[in-house]
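Chemist: Structure provided below as structure tokens; questions to follow.
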There are 4 protein chains.
Amino acid sequence: MIVVMEPGATQQQVEAAVKKVGDLGLRANVIVGTERTVIAVVGEERDQTKEQLEVCEGVATVMPILAPYKMASRELRGESTVIRCGSFVTGGTQIGVIAGPCSVETEDQIISTARAVKAAGATALRGGAFKPRTSPYSFQGLKESGLKMLAAARDETGLAVVTEVVSTDDVELVARYSDILQIGARNMQNYRLLEAVGGVDRPVLLKRGPSATMDEFLLAAEYILNEGNHRVMLCERGIRTFETHTRFTLPLASVPYLHRKTHLPVIVDPSHGTGHTYMVPDMSVAAVAAGADGLIIEVHPDPQNASSDGYQSLDFHGFAETMARCRRVANALDRTLGGPVG
Amino acid sequence: MIVVMEPGATQQQVEAAVKKVGDLGLRANVIVGTERTVIAVVGEERDQTKEQLEVCEGVATVMPILAPYKMASRELRGESTVIRCGSFVTGGTQIGVIAGPCSVETEDQIISTARAVKAAGATALRGGAFKPRTSPYSFQGLKESGLKMLAAARDETGLAVVTEVVSTDDVELVARYSDILQIGARNMQNYRLLEAVGGVDRPVLLKRGPSATMDEFLLAAEYILNEGNHRVMLCERGIRTFETHTRFTLPLASVPYLHRKTHLPVIVDPSHGTGHTYMVPDMSVAAVAAGADGLIIEVHPDPQNASSDGYQSLDFHGFAETMARCRRVANALDRTLGGPVG
Amino acid sequence: MIVVMEPGATQQQVEAAVKKVGDLGLRANVIVGTERTVIAVVGEERDQTKEQLEVCEGVATVMPILAPYKMASRELRGESTVIRCGSFVTGGTQIGVIAGPCSVETEDQIISTARAVKAAGATALRGGAFKPRTSPYSFQGLKESGLKMLAAARDETGLAVVTEVVSTDDVELVARYSDILQIGARNMQNYRLLEAVGGVDRPVLLKRGPSATMDEFLLAAEYILNEGNHRVMLCERGIRTFETHTRFTLPLASVPYLHRKTHLPVIVDPSHGTGHTYMVPDMSVAAVAAGADGLIIEVHPDPQNASSDGYQSLDFHGFAETMARCRRVANALDRTLGGPVG
Amino acid sequence: MIVVMEPGATQQQVEAAVKKVGDLGLRANVIVGTERTVIAVVGEERDQTKEQLEVCEGVATVMPILAPYKMASRELRGESTVIRCGSFVTGGTQIGVIAGPCSVETEDQIISTARAVKAAGATALRGGAFKPRTSPYSFQGLKESGLKMLAAARDETGLAVVTEVVSTDDVELVARYSDILQIGARNMQNYRLLEAVGGVDRPVLLKRGPSATMDEFLLAAEYILNEGNHRVMLCERGIRTFETHTRFTLPLASVPYLHRKTHLPVIVDPSHGTGHTYMVPDMSVAAVAAGADGLIIEVHPDPQNASSDGYQSLDFHGFAETMARCRRVANALDRTLGGPVG
């Protein structure tokens, strides 16, 4: 950590800051510059020492050097984490493919979708039973009966099931039916919920909040890892920017960034990341090219009559074509996408 | 709602869209333009009809006309809502002042702060007992023992107590000790929690999420109102933008905007909204001038040794001076700020 | 255009708005809704009529239906524009590749770079002679002598030369040496400069401003097209968002969006779009996969000693490897990248 | 400057970085931490040394300590700059008020506006003669004949005239008629134009670009100061964020920030900063309360028939009322707003 003093900081202020560094169990190196004095602080610094030094008199700013997360960091674990869950594999050379509707609507809908996406190469099935909706007047999901339909689709196809959990109260229930627990973007900083899924023996798909920085995203993962659950996948699903021609802005540079900073697999969601069906194929292929370890794509048998998110869902044909293009690109880059086709 | 067809939309596509409008129980007016056809839809439209029309073939875009919220809207209720809770009044000509530390640390700390902020004119006491922290390694709050200290400070000073609740599990506990329940920015879209505080007989201070649009913010309020709790205060606490010289960007134009769109009182948080102690006084005064119905300000007896947020907290003297300036401006604009001084 | 009246708008206000529509030479359709009246306006509306209706009393908002640009629009010209300039071709199935240093430094530097990037498959050479720098104390470019070095490199290798022009005063001079004129991001709304390059017989590479909306970007292109220069390439180079782990956020969804809205070719700049050398290869490949018609990449013989932008430049080896990966992906998607290799 | 090495940086890499520091004429202090080595660099560092160290092998990041601007900095000049130009004074305890239409339309319009705004207390007259418009099809201003009308209004009322210059070609012409030169937000980084106005004996009103950081803003001012023109006013006019209920987001915390970092006066533009007439009064008052040294407000005799920006213009009555409220707040804070009234 580097403590930068104000230009006119007094000798006493410098000494008081140095003393505080010592009180925190750290070692201070004072460097007197031409215009300012800086104090280089040596020792462990991932906790709240930044805040405590920042408020000393005469301190202009404190610049941390270490990343604030530990267990998620690539420095801790050089090898990329590969997560396997039944049919679904993500990480290393394997690109996992999660596909399915925004909301589970009927058993027919979810089973036909499961069959279709599996035939096109998907390795996991998504579908929402508990839906966090912006408006209290929107469809809120089928809840447990939706979970049962998802389980039926898994029994039918062998696809791993991914579904969202929105409350600590429901973690146990959702874990009973689902293979992978999804934490939605709106709950990325619902720390109680993160702790709860950290205590369950299920891989977690953690979606980035639309205004979360990378440090905040990795610290949210750290909440889960810190409870003992090491199977965390990070999902980039777009951020909120001034752009309005897409629902969110999908920053694919997150993929190489996260690969450098963390060993956890990185999944991309081109459906929420664009908000428009017509952009999903190109952005799926681009995500694979950027090095993503997985895709999560909204697919519906009849997007025009979907109960939610139809405007960003592919139909079966569109999904199969998208998969074919993604597979060609994955192969050109020596990676394997999804499962067997047909 | 206005349905805009693609320039080359066929007659059949227009007819199909018109039919869908009818199926949804609404009435369609087709207007043939020089380059495009648009369909004006008449009838109730605050639900999901936008999504369902957006996916029709040949439809370019759907533009809603009505706001998506109802109970929060100024159209529903022309008169401004005034919320009273013991010493604290907000709305109309009254500007409520909530002050206190980020975290409750000790009984001495919270009681001395309560006395000092009351003497300077504050009408409510803030203090965190359950702290949602970005890092799992940061101080997480004193929990129930913190709540007891807050209650002791209320007994001592008569100030209404405001504290955050972060989980549905804790709502009952927090409501037992606190007069006003705060929903933090990170939980603005934790809908289960919104529903839970909507079922409790306590006013709610709802903080805007850092990337929430105004519609999302008002729909979050709608979740609470819809459960029967009509005492909701909206708190602008800054949004995430590209700026880094402030922790968040504090958009005071939210105040006149919200006053036009909703009858609910609007509180401003200049502490989180700037992230720097030295900016808090000017932005507090500016918030009052912009028409805010209340302020929530972090105050600590010794910011240099606060366990959290010291870098954005005022000390007692700074708070008293800030209040004096705010009061002069409030009076110049024919409003009343806080309670009696001294 | 749709004129939405306030909920309580009076009959006179509606009539006044209808009259104003008529005065503007347009036709009004009044639709009386359950809560509001809307007026659908038929006729040409790409000019300032929006502004003029917005200010009528009782008008809540005016929603335009047509895009504000004309000549750039896909509706005007269905076929994609292919731009050819010597060795360089962009559009349709051809992906043009522009590579070279941020700044021209010496004749050796630029000629060796030209040879190396040509050998790896680039079809045009970039290099800055007039540099718009954030600080007045930074290196401002070699000016005309830099242009001469670029021309020498073209003579040597046959690569088309792309360089930036920053002032109307220099357009003629730059056009004398350069095959393609670049308008930098900071000058995207320097309308005098746009008009000046619109009057010159050289293709223009127009970079998106870091906070420009798509409509603003296409209207900037429209300024050039409107002067009679039809050879405009649009360059996505990243936008300013809250993210700090990249210099800008590179939104590749711009590619499918622009392909839908305009016939002009779309180039991607992964160097400025990320600001980090290590991200450039992955984002170059991703841009190709997203459907870009060209790439512009910073390449320097010795990035560690570059006079500018070394932190985001590839060296010769890195560029050759990136090209090889891009070519494999282009081929997998039935497109052709750059020129012959070796 | 602090050079942070990668965790696994080798001894040779550290030595190479230290050597480079020496080659740049600076002094290196190596601090070996528990996980990383950092090098504290002492000496002048406002130039390009950051870039040159960033590209050394094994370097993770380089953190500058000094601000990149010099002449604009508060450290250079502790006392606040007061700018006087005829009737107009800004800085210190004086709040200057610039008011007038977006575009000069007719002599009657501009003279009647000048009289009205002067009567309400304005001390300068704004009005655009050269208009940079997003669309080439929009009204582009009256050019020199507009300048003549502004000069006539000055002769009539004694108000200082402020008008925008959009091209180096026009600087001399505009300076002939105008007392203060305005650089618009879109030209904030048009460095040739900044240099040109830096060479003219006229105060400059420099508007912040909608995505400019504070450092970029102050460096733009530095371009002007560096040419010898010391009379620069900084104008906050709103930034581009995800918000759509305002045209731009107006961050008033810029005022205390700039007051701490620079001695130059800070003007606020609540018209462009909100984009809605109804918000302008509250945000004008808030700007004064935040400590602004001036306001620039769009006023038109008949906003409903303005040729541009009517939707954000006040009429005479609205302006007079806004001034009255601003004056009461300025007085409450011991400052003086504008000139004599009536």
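Identifiers in the structure tokens: chain A, B, ... in order shown; residue index from 1 per chain; ligand index from 1 in order shown.
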Enumerate as JSON, numbers by chain the residues belonging to chain A that approach chain B to within 7 Å, with only C-alpha atoms taken into account.

Modeler: {"A": [47, 48, 51, 52, 54, 55, 56, 132, 134, 135, 136, 137, 138, 167, 186, 187, 189, 190, 191, 192, 211, 216, 219, 223, 240, 303, 304, 305, 310, 311]}

Chemist: Could you list, as a ChimeraX atom specification, every residue within 7 Å of C:Ile183, counting only C-alpha atoms and ignoring same-chain residues fewer than 5 positions away?

Modeler: /C:164-165,188,205-207

Chemist: For stretch 114-125 of chain A, please output as a ChimeraX atom specification all residues within 8 Å (counting only C-alpha atoms; exclusion window: fewer than 2 positions along the same chain).

Modeler: /A:87-89,96-100,110-112,127,153-154,157,159-162,299,316,319-320,323-324,337-342

Chemist: Taking the DSSP assignment computed from this structure's backbone, write out as a VMD selection string all residues of stretch 36-168 of chain B that belong to strand (DSSP E or B).

Modeler: chain B and resid 37 to 42 59 to 63 73 83 to 85 88 to 91 94 to 100 103 124 to 126 128 160 to 164

Chemist: Could you write out that same residue set with C-alpha atoms as a PDB file, in the first residue's frame?

Modeler:
ATOM      1  CA  THR B  37     -46.701   2.072 -40.097  1.00  0.00           C
ATOM      2  CA  VAL B  38     -47.280   2.612 -36.403  1.00  0.00           C
ATOM      3  CA  ILE B  39     -49.991   1.157 -34.198  1.00  0.00           C
ATOM      4  CA  ALA B  40     -51.222   3.251 -31.298  1.00  0.00           C
ATOM      5  CA  VAL B  41     -52.472   0.943 -28.544  1.00  0.00           C
ATOM      6  CA  VAL B  42     -55.162   2.198 -26.199  1.00  0.00           C
ATOM      7  CA  VAL B  59     -42.227  -4.980 -35.179  1.00  0.00           C
ATOM      8  CA  ALA B  60     -39.219  -2.657 -34.885  1.00  0.00           C
ATOM      9  CA  THR B  61     -39.819  -1.324 -31.402  1.00  0.00           C
ATOM     10  CA  VAL B  62     -42.523  -0.728 -28.807  1.00  0.00           C
ATOM     11  CA  MET B  63     -42.624   2.560 -26.925  1.00  0.00           C
ATOM     12  CA  SER B  73     -46.954   7.982  -9.058  1.00  0.00           C
ATOM     13  CA  ILE B  83     -43.829  11.015   6.808  1.00  0.00           C
ATOM     14  CA  ARG B  84     -43.670  11.549  10.572  1.00  0.00           C
ATOM     15  CA  CYS B  85     -41.909   9.217  12.929  1.00  0.00           C
ATOM     16  CA  PHE B  88     -38.454  12.979  12.449  1.00  0.00           C
ATOM     17  CA  VAL B  89     -40.617  14.672   9.805  1.00  0.00           C
ATOM     18  CA  THR B  90     -39.933  14.661   6.063  1.00  0.00           C
ATOM     19  CA  GLY B  91     -41.938  16.060   3.170  1.00  0.00           C
ATOM     20  CA  GLN B  94     -40.105  19.955   6.456  1.00  0.00           C
ATOM     21  CA  ILE B  95     -36.569  18.736   5.835  1.00  0.00           C
ATOM     22  CA  GLY B  96     -35.704  15.762   8.031  1.00  0.00           C
ATOM     23  CA  VAL B  97     -32.098  15.259   9.109  1.00  0.00           C
ATOM     24  CA  ILE B  98     -30.705  11.786   9.781  1.00  0.00           C
ATOM     25  CA  ALA B  99     -27.152  11.687  11.120  1.00  0.00           C
ATOM     26  CA  GLY B 100     -24.827   9.238  12.782  1.00  0.00           C
ATOM     27  CA  SER B 103     -21.316   1.502  12.005  1.00  0.00           C
ATOM     28  CA  ALA B 124     -33.070  11.009  13.524  1.00  0.00           C
ATOM     29  CA  LEU B 125     -30.046   8.862  14.318  1.00  0.00           C
ATOM     30  CA  ARG B 126     -28.455   6.509  11.823  1.00  0.00           C
ATOM     31  CA  GLY B 128     -25.337   0.308  11.047  1.00  0.00           C
ATOM     32  CA  ALA B 160     -35.876   8.243  15.892  1.00  0.00           C
ATOM     33  CA  VAL B 161     -33.509   5.410  14.925  1.00  0.00           C
ATOM     34  CA  VAL B 162     -32.747   4.440  11.321  1.00  0.00           C
ATOM     35  CA  THR B 163     -30.828   1.243  10.610  1.00  0.00           C
ATOM     36  CA  GLU B 164     -30.321  -1.113   7.707  1.00  0.00           C
TER      37      GLU B 164
END

Chemist: Quote the spacing between atom CA of B:Val255 and atom CA of D:Tyr257 in Å to one decimal place.

Modeler: 21.6 Å

Chemist: I'd like the neighbourhood of stretch 281-291 of chain A as an MDAnalysis selection string, where a residue qualifies if any of its atoms comes within 9 Å (using only C-alpha atoms), though same-chain residues fewer than 5 positions away should be ignored.

Modeler: (chainID A and resid 95 250 252:253 255:256 259 266:271 273:274 297 314 318:319 321:323 325:327 329:330 333 337) or (chainID C and resid 252:253 255:256 281:291 329)
